[in-house]
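Shown here: run.pdb, PDB, C-alpha atoms.
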ATOM      1  CA  MET A   1     142.194  55.254 250.792
ATOM      2  CA  ILE A   2     143.942  54.841 247.433
ATOM      3  CA  LYS A   3     141.141  57.030 245.989
ATOM      4  CA  TYR A   4     142.252  59.919 248.186
ATOM      5  CA  ILE A   5     145.895  59.357 247.287
ATOM      6  CA  VAL A   6     145.186  59.377 243.542
ATOM      7  CA  ALA A   7     142.963  62.442 243.958
ATOM      8  CA  ALA A   8     145.648  64.288 245.946
ATOM      9  CA  LEU A   9     148.278  63.362 243.354
ATOM     10  CA  MET A  10     146.126  64.561 240.456
ATOM     11  CA  LEU A  11     145.047  67.753 242.214
ATOM     12  CA  GLY A  12     148.686  68.447 243.017
ATOM     13  CA  GLY A  13     149.695  67.771 239.426
ATOM     14  CA  ILE A  14     147.005  70.087 238.033
ATOM     15  CA  ALA A  15     147.764  72.807 240.576
ATOM     16  CA  GLY A  16     151.492  72.538 239.814
ATOM     17  CA  TYR A  17     150.882  72.659 236.069
ATOM     18  CA  LEU A  18     148.617  75.714 236.291
ATOM     19  CA  ASP A  19     151.005  77.422 238.670
ATOM     20  CA  ALA A  20     153.978  76.912 236.347
ATOM     21  CA  ASN A  21     152.274  77.540 233.006
ATOM     22  CA  TRP A  22     149.284  79.770 233.613
ATOM     23  CA  ALA A  23     149.273  81.982 236.683
ATOM     24  CA  THR A  24     151.997  81.748 239.272
ATOM     25  CA  VAL A  25     150.338  81.926 242.666
ATOM     26  CA  VAL A  26     153.156  80.392 244.678
ATOM     27  CA  ASN A  27     156.784  79.728 243.897
ATOM     28  CA  SER A  28     156.658  76.021 243.024
ATOM     29  CA  VAL A  29     159.669  75.365 245.275
ATOM     30  CA  TRP A  30     157.480  76.262 248.253
ATOM     31  CA  VAL A  31     155.189  73.332 247.581
ATOM     32  CA  SER A  32     157.364  70.764 245.792
ATOM     33  CA  ASP A  33     160.283  71.248 248.171
ATOM     34  CA  TYR A  34     159.429  72.969 251.463
ATOM     35  CA  LEU A  35     155.887  71.640 251.968
ATOM     36  CA  LEU A  36     156.987  68.182 250.816
ATOM     37  CA  ASN A  37     159.892  68.104 253.252
ATOM     38  CA  ALA A  38     157.849  69.532 256.119
ATOM     39  CA  SER A  39     155.099  66.922 255.730
ATOM     40  CA  LEU A  40     157.712  64.195 255.352
ATOM     41  CA  ILE A  41     159.561  65.194 258.526
ATOM     42  CA  LEU A  42     156.296  65.372 260.460
ATOM     43  CA  LEU A  43     155.245  61.948 259.157
ATOM     44  CA  LEU A  44     158.566  60.358 260.067
ATOM     45  CA  PHE A  45     158.223  61.774 263.568
ATOM     46  CA  VAL A  46     154.669  60.453 263.993
ATOM     47  CA  MET A  47     155.619  57.061 262.531
ATOM     48  CA  GLY A  48     158.549  56.904 264.944
ATOM     49  CA  VAL A  49     156.249  57.551 267.891
ATOM     50  CA  ALA A  50     153.700  54.958 266.724
ATOM     51  CA  PHE A  51     156.462  52.416 266.151
ATOM     52  CA  ALA A  52     158.093  52.822 269.567
ATOM     53  CA  MET A  53     154.768  52.800 271.413
ATOM     54  CA  ASP A  54     154.091  49.328 270.044
ATOM     55  CA  LYS A  55     155.801  47.116 272.626
ATOM     56  CA  GLY A  56     156.595  44.312 270.155
ATOM     57  CA  SER A  57     158.499  46.499 267.693
ATOM     58  CA  PHE A  58     161.943  46.547 269.276
ATOM     59  CA  SER A  59     162.026  42.847 270.081
ATOM     60  CA  LYS A  60     161.233  42.165 266.427
ATOM     61  CA  ILE A  61     164.276  44.172 265.343
ATOM     62  CA  ARG A  62     166.437  42.349 267.855
ATOM     63  CA  GLN A  63     165.263  39.031 266.426
ATOM     64  CA  THR A  64     166.013  40.024 262.851
ATOM     65  CA  GLY A  65     169.233  41.971 263.388
ATOM     66  CA  PRO A  66     171.631  42.665 260.518
ATOM     67  CA  ARG A  67     169.991  39.954 258.409
ATOM     68  CA  ILE A  68     167.480  42.632 257.459
ATOM     69  CA  LEU A  69     170.131  43.929 254.997
ATOM     70  CA  ILE A  70     169.353  40.933 252.803
ATOM     71  CA  VAL A  71     166.264  42.851 251.647
ATOM     72  CA  PRO A  72     168.087  45.791 249.965
ATOM     73  CA  LEU A  73     170.678  43.370 248.548
ATOM     74  CA  ALA A  74     167.889  41.347 246.923
ATOM     75  CA  ILE A  75     166.498  44.578 245.490
ATOM     76  CA  VAL A  76     169.933  45.490 244.074
ATOM     77  CA  LEU A  77     170.202  42.073 242.416
ATOM     78  CA  GLY A  78     166.634  42.220 241.089
ATOM     79  CA  THR A  79     167.092  45.712 239.721
ATOM     80  CA  ILE A  80     170.356  44.860 237.927
ATOM     81  CA  LEU A  81     168.676  41.824 236.368
ATOM     82  CA  SER A  82     165.731  43.991 235.326
ATOM     83  CA  GLY A  83     168.147  46.435 233.668
ATOM     84  CA  VAL A  84     169.573  43.645 231.536
ATOM     85  CA  VAL A  85     166.111  42.322 230.636
ATOM     86  CA  SER A  86     164.914  45.873 229.828
ATOM     87  CA  ALA A  87     167.803  46.281 227.378
ATOM     88  CA  LEU A  88     166.823  43.025 225.658
ATOM     89  CA  VAL A  89     163.118  43.939 225.525
ATOM     90  CA  LEU A  90     163.659  47.503 224.292
ATOM     91  CA  GLY A  91     166.706  46.773 222.129
ATOM     92  CA  ILE A  92     168.684  49.637 223.650
ATOM     93  CA  ASN A  93     172.083  49.829 225.328
ATOM     94  CA  VAL A  94     172.438  47.558 228.356
ATOM     95  CA  THR A  95     174.870  49.811 230.225
ATOM     96  CA  ALA A  96     172.452  52.703 230.055
ATOM     97  CA  THR A  97     169.347  50.740 231.057
ATOM     98  CA  THR A  98     171.180  49.159 234.000
ATOM     99  CA  ALA A  99     172.499  52.555 235.130
ATOM    100  CA  VAL A 100     169.002  54.015 234.821
ATOM    101  CA  SER A 101     167.523  51.147 236.871
ATOM    102  CA  ALA A 102     170.235  51.569 239.516
ATOM    103  CA  GLY A 103     168.595  54.816 240.594
ATOM    104  CA  PHE A 104     166.125  52.633 242.558
ATOM    105  CA  GLY A 105     163.414  55.268 242.122
ATOM    106  CA  TRP A 106     165.514  58.238 243.219
ATOM    107  CA  TYR A 107     164.786  60.360 240.164
ATOM    108  CA  THR A 108     166.246  63.652 241.356
ATOM    109  CA  LEU A 109     169.603  61.874 241.600
ATOM    110  CA  THR A 110     169.406  59.601 238.556
ATOM    111  CA  GLY A 111     168.201  62.234 236.085
ATOM    112  CA  PRO A 112     171.136  64.642 236.486
ATOM    113  CA  LEU A 113     173.743  61.913 237.098
ATOM    114  CA  VAL A 114     172.837  59.774 234.069
ATOM    115  CA  SER A 115     172.550  62.945 232.011
ATOM    116  CA  GLN A 116     176.126  63.827 232.920
ATOM    117  CA  LEU A 117     177.451  60.329 232.259
ATOM    118  CA  PHE A 118     175.496  59.373 229.136
ATOM    119  CA  GLY A 119     173.932  62.543 227.741
ATOM    120  CA  ALA A 120     170.685  64.491 228.066
ATOM    121  CA  LYS A 121     168.358  61.997 226.375
ATOM    122  CA  TRP A 122     169.439  59.193 228.670
ATOM    123  CA  GLY A 123     169.116  61.627 231.551
ATOM    124  CA  ALA A 124     165.471  62.200 230.638
ATOM    125  CA  LEU A 125     164.961  58.435 230.545
ATOM    126  CA  GLY A 126     166.671  58.101 233.938
ATOM    127  CA  PHE A 127     164.443  60.769 235.380
ATOM    128  CA  ALA A 128     161.210  59.365 233.914
ATOM    129  CA  ALA A 129     161.910  55.683 234.655
ATOM    130  CA  ASN A 130     162.719  56.364 238.295
ATOM    131  CA  PHE A 131     159.872  58.788 238.705
ATOM    132  CA  LEU A 132     157.541  56.088 237.343
ATOM    133  CA  ARG A 133     158.975  53.573 239.812
ATOM    134  CA  GLU A 134     157.890  55.865 242.636
ATOM    135  CA  LEU A 135     154.527  56.631 241.049
ATOM    136  CA  LEU A 136     153.726  52.965 240.316
ATOM    137  CA  THR A 137     154.691  52.035 243.875
ATOM    138  CA  ILE A 138     152.200  54.558 245.241
ATOM    139  CA  LEU A 139     149.419  53.604 242.826
ATOM    140  CA  THR A 140     149.748  49.822 243.170
ATOM    141  CA  VAL A 141     150.446  49.544 246.907
ATOM    142  CA  SER A 142     146.991  48.143 247.697
ATOM    143  CA  LEU A 143     147.466  45.361 245.110
ATOM    144  CA  MET A 144     151.100  44.728 245.930
ATOM    145  CA  VAL A 145     150.462  44.198 249.634
ATOM    146  CA  LYS A 146     148.321  41.203 248.646
ATOM    147  CA  VAL A 147     151.266  39.666 246.787
ATOM    148  CA  ASP A 148     153.604  40.071 249.721
ATOM    149  CA  LYS A 149     153.843  42.190 252.851
ATOM    150  CA  TYR A 150     157.297  43.367 251.743
ATOM    151  CA  ALA A 151     156.475  43.787 248.032
ATOM    152  CA  PRO A 152     155.839  47.558 248.346
ATOM    153  CA  THR A 153     159.214  47.910 250.112
ATOM    154  CA  ALA A 154     160.887  46.103 247.208
ATOM    155  CA  SER A 155     158.978  48.134 244.677
ATOM    156  CA  GLY A 156     159.720  51.453 246.379
ATOM    157  CA  GLY A 157     163.493  50.926 246.251
ATOM    158  CA  ALA A 158     165.304  53.999 247.538
ATOM    159  CA  THR A 159     162.023  55.874 248.017
ATOM    160  CA  ALA A 160     161.037  53.447 250.797
ATOM    161  CA  MET A 161     162.947  55.677 253.199
ATOM    162  CA  ASP A 162     161.029  58.851 252.350
ATOM    163  CA  THR A 163     158.176  59.519 249.917
ATOM    164  CA  THR A 164     156.664  56.040 249.775
ATOM    165  CA  LEU A 165     157.429  55.101 253.401
ATOM    166  CA  PRO A 166     154.208  56.555 254.903
ATOM    167  CA  ILE A 167     152.072  54.652 252.404
ATOM    168  CA  ILE A 168     154.037  51.420 252.877
ATOM    169  CA  VAL A 169     153.647  51.619 256.665
ATOM    170  CA  ARG A 170     149.972  52.464 256.351
ATOM    171  CA  TYR A 171     149.232  49.444 254.145
ATOM    172  CA  CYS A 172     151.748  46.911 255.444
ATOM    173  CA  GLY A 173     151.698  47.737 259.145
ATOM    174  CA  SER A 174     153.901  49.560 261.648
ATOM    175  CA  ASP A 175     156.280  46.595 261.928
ATOM    176  CA  THR A 176     157.430  47.107 258.326
ATOM    177  CA  LEU A 177     158.770  50.566 259.236
ATOM    178  CA  ILE A 178     162.338  49.511 260.021
ATOM    179  CA  THR A 179     162.609  47.067 257.112
ATOM    180  CA  ALA A 180     161.318  49.641 254.635
ATOM    181  CA  PHE A 181     163.328  52.552 256.025
ATOM    182  CA  SER A 182     166.609  50.653 256.307
ATOM    183  CA  SER A 183     166.178  49.168 252.842
ATOM    184  CA  GLY A 184     165.503  52.601 251.346
ATOM    185  CA  PHE A 185     168.414  54.038 253.309
ATOM    186  CA  VAL A 186     170.900  51.420 252.071
ATOM    187  CA  LEU A 187     169.684  51.755 248.476
ATOM    188  CA  SER A 188     169.961  55.551 248.630
ATOM    189  CA  ILE A 189     173.598  55.217 249.676
ATOM    190  CA  ILE A 190     174.333  52.565 247.032
ATOM    191  CA  ALA A 191     172.532  54.279 244.111
ATOM    192  CA  PRO A 192     175.051  57.016 243.171
ATOM    193  CA  PHE A 193     178.031  54.627 243.495
ATOM    194  CA  MET A 194     176.316  51.978 241.419
ATOM    195  CA  ILE A 195     175.330  54.335 238.621
ATOM    196  CA  VAL A 196     178.909  55.595 238.328
ATOM    197  CA  ALA A 197     180.346  52.060 238.592
ATOM    198  CA  ILE A 198     178.058  50.744 235.855
ATOM    199  CA  ALA A 199     179.003  53.670 233.633
ATOM    200  CA  ALA A 200     182.698  52.943 234.242
ATOM    201  CA  LEU A 201     182.272  49.205 233.558
ATOM    202  CA  GLY A 202     180.457  49.852 230.310
ATOM    203  CA  ARG A 203     182.925  52.415 229.035
ATOM    204  CA  VAL A 204     182.164  51.428 225.512
ATOM    205  CA  SER A 205     180.636  54.006 223.243
ATOM    206  CA  ILE A 206     176.934  54.499 223.947
ATOM    207  CA  PRO A 207     174.929  54.696 220.745
ATOM    208  CA  PRO A 208     172.540  57.662 220.504
ATOM    209  CA  PHE A 209     169.157  56.915 222.004
ATOM    210  CA  LEU A 210     166.018  57.300 219.842
TER     211      LEU A 210
ATOM    212  CA  MET B   1     167.248  64.680 250.272
ATOM    213  CA  ASN B   2     169.454  65.080 253.276
ATOM    214  CA  PHE B   3     169.721  61.869 255.281
ATOM    215  CA  VAL B   4     170.008  63.754 258.587
ATOM    216  CA  LEU B   5     166.737  65.464 257.831
ATOM    217  CA  LEU B   6     165.035  62.043 257.707
ATOM    218  CA  VAL B   7     166.827  60.119 260.429
ATOM    219  CA  VAL B   8     166.561  62.822 263.114
ATOM    220  CA  PRO B   9     162.733  63.144 263.175
ATOM    221  CA  LEU B  10     162.343  59.360 263.019
ATOM    222  CA  ALA B  11     164.745  58.828 265.926
ATOM    223  CA  ALA B  12     163.186  61.697 267.916
ATOM    224  CA  GLY B  13     159.721  60.210 267.364
ATOM    225  CA  MET B  14     160.926  56.791 268.510
ATOM    226  CA  LEU B  15     162.464  58.290 271.641
ATOM    227  CA  LEU B  16     159.231  60.078 272.512
ATOM    228  CA  GLY B  17     157.181  56.977 271.726
ATOM    229  CA  TYR B  18     159.448  54.886 273.929
ATOM    230  CA  PHE B  19     158.729  57.110 276.932
ATOM    231  CA  LEU B  20     155.036  57.247 276.155
ATOM    232  CA  ARG B  21     154.672  53.483 275.816
ATOM    233  CA  GLU B  22     153.039  53.055 279.235
ATOM    234  CA  LYS B  23     150.404  55.628 278.315
ATOM    235  CA  ARG B  24     147.205  54.565 276.650
ATOM    236  CA  LYS B  25     147.157  53.742 272.955
ATOM    237  CA  VAL B  26     146.777  56.662 270.600
ATOM    238  CA  ASN B  27     145.332  56.195 267.141
ATOM    239  CA  PHE B  28     147.521  57.998 264.640
ATOM    240  CA  GLY B  29     145.543  56.838 261.610
ATOM    241  CA  LYS B  30     143.583  60.035 260.910
ATOM    242  CA  VAL B  31     146.540  62.343 261.495
ATOM    243  CA  THR B  32     148.911  60.387 259.283
ATOM    244  CA  LEU B  33     146.351  60.086 256.472
ATOM    245  CA  GLY B  34     145.972  63.875 256.479
ATOM    246  CA  ILE B  35     149.721  64.476 256.294
ATOM    247  CA  ILE B  36     150.161  61.703 253.697
ATOM    248  CA  LEU B  37     147.668  63.511 251.456
ATOM    249  CA  VAL B  38     149.599  66.788 251.867
ATOM    250  CA  LEU B  39     152.794  64.901 250.988
ATOM    251  CA  ILE B  40     151.247  63.312 247.891
ATOM    252  CA  PHE B  41     149.746  66.659 246.835
ATOM    253  CA  SER B  42     153.145  68.349 246.988
ATOM    254  CA  LEU B  43     154.667  65.399 245.112
ATOM    255  CA  GLY B  44     152.069  65.893 242.357
ATOM    256  CA  PHE B  45     152.715  69.635 242.410
ATOM    257  CA  GLY B  46     156.406  69.053 241.795
ATOM    258  CA  ILE B  47     155.608  66.838 238.811
ATOM    259  CA  GLY B  48     152.979  69.176 237.336
ATOM    260  CA  SER B  49     155.231  72.212 237.573
ATOM    261  CA  ASN B  50     158.246  70.396 236.105
ATOM    262  CA  SER B  51     157.837  71.155 232.399
ATOM    263  CA  GLU B  52     161.161  69.492 231.604
ATOM    264  CA  LEU B  53     159.820  66.151 232.892
ATOM    265  CA  LEU B  54     156.416  66.580 231.237
ATOM    266  CA  ASN B  55     158.014  67.456 227.873
ATOM    267  CA  SER B  56     160.329  64.448 227.963
ATOM    268  CA  LEU B  57     157.533  61.956 228.718
ATOM    269  CA  PRO B  58     156.225  61.524 225.130
ATOM    270  CA  ASP B  59     159.785  60.682 223.982
ATOM    271  CA  VAL B  60     160.923  58.393 226.754
ATOM    272  CA  GLY B  61     157.611  57.398 228.357
ATOM    273  CA  LEU B  62     157.300  53.920 226.875
ATOM    274  CA  SER B  63     160.908  52.898 227.572
ATOM    275  CA  ALA B  64     160.668  54.403 231.059
ATOM    276  CA  THR B  65     157.478  52.438 231.794
ATOM    277  CA  VAL B  66     159.114  49.180 230.682
ATOM    278  CA  ILE B  67     162.251  49.840 232.762
ATOM    279  CA  ALA B  68     160.282  50.878 235.864
ATOM    280  CA  SER B  69     157.818  47.962 235.653
ATOM    281  CA  LEU B  70     160.540  45.361 235.162
ATOM    282  CA  ALA B  71     162.593  46.850 238.022
ATOM    283  CA  ILE B  72     159.555  46.571 240.295
ATOM    284  CA  VAL B  73     158.686  43.000 239.251
ATOM    285  CA  PHE B  74     162.248  41.685 239.594
ATOM    286  CA  SER B  75     162.763  43.414 242.950
ATOM    287  CA  VAL B  76     159.510  42.033 244.339
ATOM    288  CA  VAL B  77     160.250  38.495 243.148
ATOM    289  CA  LEU B  78     163.759  38.490 244.638
ATOM    290  CA  VAL B  79     162.680  39.968 247.972
ATOM    291  CA  LYS B  80     159.882  37.411 248.182
ATOM    292  CA  ALA B  81     162.433  34.668 247.469
ATOM    293  CA  VAL B  82     164.919  35.686 250.172
ATOM    294  CA  LYS B  83     162.754  37.226 252.877
ATOM    295  CA  ARG B  84     162.829  34.095 255.027
ATOM    296  CA  ARG B  85     166.618  34.306 255.088
ATOM    297  CA  ALA B  86     166.253  37.918 256.197
ATOM    298  CA  GLY B  87     164.273  36.689 259.199
ATOM    299  CA  LEU B  88     161.006  38.159 257.957
ATOM    300  CA  LYS B  89     157.711  36.354 257.971
TER     301      LYS B  89
END

Kindly return the structure encoded in the file as structure tokens.
Amino acid sequence: MIKYIVAALMLGGIAGYLDANWATVVNSVWVSDYLLNASLILLLFVMGVAFAMDKGSFSKIRQTGPRILIVPLAIVLGTILSGVVSALVLGINVTATTAVSAGFGWYTLTGPLVSQLFGAKWGALGFAANFLRELLTILTVSLMVKVDKYAPTASGGATAMDTTLPIIVRYCGSDTLITAFSSGFVLSIIAPFMIVAIAALGRVSIPPFL
Amino acid sequence: MNFVLLVVPLAAGMLLGYFLREKRKVNFGKVTLGIILVLIFSLGFGIGSNSELLNSLPDVGLSATVIASLAIVFSVVLVKAVKRRAGLK
């Protein structure tokens, strides 16, 4: 199945590139926004039906309860740590790398927000790093599920509530739906606050990047 | 992405599924795979048509890959470490 996903991604990328740079057949917003949202809404609906039809699903939630929030909190902690380690590995500013990581894969938020807080170059890094988090989650899901059933949820970060959710559920099973969705939901709420908070904490001068 | 736009269809689907639970099992596999591929295609389309992103990749690509990979690895390790406490098997 990952073959089809990679093929669809590449075909989409090529079609989008040609459409934007060669001959505009459709307004790119129609595909990258409307078609994306329509398919997402339809998928969420179908996944909801499949989830509720499985008689064990609700009792599993009742067993877990609010403890399920430990998952997004672990992801927050892991991501902050990774921001610090990234700064050490790359030799660039720790405030910026941590803020970039705190997008949890939500690149349409992180790009503009980091750009506003730290400047355009950092914004580009915020966009690319979070976009790659989503892309790598999609491409490695079949490997990651072997590491742990909840590894793709962790990897997906904020995207586990939308773009990567269908793939996570498909590979990890219908019972991961609530864990993945709630984790992505919590991270999506936390992300903008955390990026701003990190920027405020590190209100030292940010050296120019590159 | 608007949260309402995501929560409403999920909740509506669950409600419908709840009332259909006595009916025979339906296999959603083929349908969802089809829609997933449409979703991934439009995701790719958005990337391919975003020249700003494509132009910035040569400059920031390596740093972005390091940041994204480390974020994934650390998140996975920590979730794996605490998932028992979260009541997950």

Starting from the displayed file, determine the output of the PyMOL selection byres ((chain B and resi 7) around 12) and express the residue list as a list in words.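 For this structure, the PyMOL selection byres ((chain B and resi 7) around 12) resolves to Leu40, Ile41, Leu42, Leu43, Leu44, Phe45, Met47, Gly48, Met161, Asp162, Ile178, Phe181, Ser182, Gly184 and Phe185 of chain A; Met1, Asn2, Phe3, Val4, Leu5, Leu6, Val8, Pro9, Leu10, Ala11, Ala12, Gly13 and Met14 of chain B.
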
Keeping only C-alpha atoms, write those residues as a PDB file, in the frame of the given file.
ATOM      1  CA  LEU A  40     157.712  64.195 255.352  1.00  0.00           C
ATOM      2  CA  ILE A  41     159.561  65.194 258.526  1.00  0.00           C
ATOM      3  CA  LEU A  42     156.296  65.372 260.460  1.00  0.00           C
ATOM      4  CA  LEU A  43     155.245  61.948 259.157  1.00  0.00           C
ATOM      5  CA  LEU A  44     158.566  60.358 260.067  1.00  0.00           C
ATOM      6  CA  PHE A  45     158.223  61.774 263.568  1.00  0.00           C
ATOM      7  CA  MET A  47     155.619  57.061 262.531  1.00  0.00           C
ATOM      8  CA  GLY A  48     158.549  56.904 264.944  1.00  0.00           C
ATOM      9  CA  MET A 161     162.947  55.677 253.199  1.00  0.00           C
ATOM     10  CA  ASP A 162     161.029  58.851 252.350  1.00  0.00           C
ATOM     11  CA  ILE A 178     162.338  49.511 260.021  1.00  0.00           C
ATOM     12  CA  PHE A 181     163.328  52.552 256.025  1.00  0.00           C
ATOM     13  CA  SER A 182     166.609  50.653 256.307  1.00  0.00           C
ATOM     14  CA  GLY A 184     165.503  52.601 251.346  1.00  0.00           C
ATOM     15  CA  PHE A 185     168.414  54.038 253.309  1.00  0.00           C
TER      16      PHE A 185
ATOM     17  CA  MET B   1     167.248  64.680 250.272  1.00  0.00           C
ATOM     18  CA  ASN B   2     169.454  65.080 253.276  1.00  0.00           C
ATOM     19  CA  PHE B   3     169.721  61.869 255.281  1.00  0.00           C
ATOM     20  CA  VAL B   4     170.008  63.754 258.587  1.00  0.00           C
ATOM     21  CA  LEU B   5     166.737  65.464 257.831  1.00  0.00           C
ATOM     22  CA  LEU B   6     165.035  62.043 257.707  1.00  0.00           C
ATOM     23  CA  VAL B   8     166.561  62.822 263.114  1.00  0.00           C
ATOM     24  CA  PRO B   9     162.733  63.144 263.175  1.00  0.00           C
ATOM     25  CA  LEU B  10     162.343  59.360 263.019  1.00  0.00           C
ATOM     26  CA  ALA B  11     164.745  58.828 265.926  1.00  0.00           C
ATOM     27  CA  ALA B  12     163.186  61.697 267.916  1.00  0.00           C
ATOM     28  CA  GLY B  13     159.721  60.210 267.364  1.00  0.00           C
ATOM     29  CA  MET B  14     160.926  56.791 268.510  1.00  0.00           C
TER      30      MET B  14
END

Specify as a PyMOL selection string each residue included when the PyMOL selection byres ((chain B and resi 27) around 12) is applied to this file. (chain A and resi 46-47+49-51+53-54) or (chain B and resi 24-26+28-33)

What's the 7 Å shell around segment 65-74 of chain B, counting all atoms listed in the file, without same-chain residues fewer than 5 positions away, as a ChimeraX atom specification? /A:78-79,82-83,86,101,129-130,132-133,155

To one decimal in Å, tell me the separation between atom CA of Ala191 of chain A and atom CA of Leu135 of chain A.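 Interatomic distance here is 18.4 Å.
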
Could you give me, as a ChimeraX atom specification, the residues that have an atom at most 6 Å away from the point (163.4, 52.3, 245.0) in the coordinates of the file, using only C-alpha atoms? /A:104-105,156-159

Counting all atoms listed in the file, which residues of segment 11-72 of chain A fall within 12 Å of segment 52-64 of chain B, and what is the closest atom pair for each with its distance in Å at one decimal, ordered by chain and rising number, as JSON lines?
{"residue": "A:Gly13", "atom": "CA", "partner": "B:Leu54", "partner_atom": "CA", "distance": 10.7}
{"residue": "A:Gly16", "atom": "CA", "partner": "B:Leu54", "partner_atom": "CA", "distance": 11.5}
{"residue": "A:Tyr17", "atom": "CA", "partner": "B:Leu54", "partner_atom": "CA", "distance": 9.5}
{"residue": "A:Ala20", "atom": "CA", "partner": "B:Glu52", "partner_atom": "CA", "distance": 11.4}
{"residue": "A:Asn21", "atom": "CA", "partner": "B:Leu54", "partner_atom": "CA", "distance": 11.8}

Give as a VMD selection string the residues that the PyMOL selection byres ((chain A and resi 69) around 9) matches when applied to the coordinates above. (chain A and resid 65 to 68 70 to 74 179 182 to 183 186) or (chain B and resid 86)

Expressed in Å to a single decimal, how great is the separation between atom CA of Ala102 of chain A and atom CA of Val76 of chain A?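 Computing it gives 7.6 Å between the two atoms.
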
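Reported to one decimal place, the separation of atom CA of Trp30 of chain A from atom CA of Phe45 of chain B is 10.0 Å.
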
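In this comparison, which uses all atoms listed in the file, the residue of A:Ser174, A:Ser59, A:Thr137, A:Ser188 approaching Ala154 of chain A most closely is A:Thr137.
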
Given the point (159.5, 44.1, 265.3) in the coordinates of this file, which residues lie within 10 Å, counting only C-alpha atoms, and how would they look as a VMD selection string? (chain A and resid 51 to 52 54 to 64 174 to 179) or (chain B and resid 88)

Would you put the residues from that selection into a file with C-alpha atoms, as a short mmCIF file (atom, residue, chain, number, x, y, z; two decimals), keeping the file's coordinate frame?
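Generated file (selection-v7.cif):
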data_model
loop_
_atom_site.label_atom_id
_atom_site.label_comp_id
_atom_site.auth_asym_id
_atom_site.auth_seq_id
_atom_site.Cartn_x
_atom_site.Cartn_y
_atom_site.Cartn_z
CA PHE A 51 156.46 52.42 266.15
CA ALA A 52 158.09 52.82 269.57
CA ASP A 54 154.09 49.33 270.04
CA LYS A 55 155.80 47.12 272.63
CA GLY A 56 156.60 44.31 270.15
CA SER A 57 158.50 46.50 267.69
CA PHE A 58 161.94 46.55 269.28
CA SER A 59 162.03 42.85 270.08
CA LYS A 60 161.23 42.16 266.43
CA ILE A 61 164.28 44.17 265.34
CA ARG A 62 166.44 42.35 267.86
CA GLN A 63 165.26 39.03 266.43
CA THR A 64 166.01 40.02 262.85
CA SER A 174 153.90 49.56 261.65
CA ASP A 175 156.28 46.60 261.93
CA THR A 176 157.43 47.11 258.33
CA LEU A 177 158.77 50.57 259.24
CA ILE A 178 162.34 49.51 260.02
CA THR A 179 162.61 47.07 257.11
CA LEU B 88 161.01 38.16 257.96
#
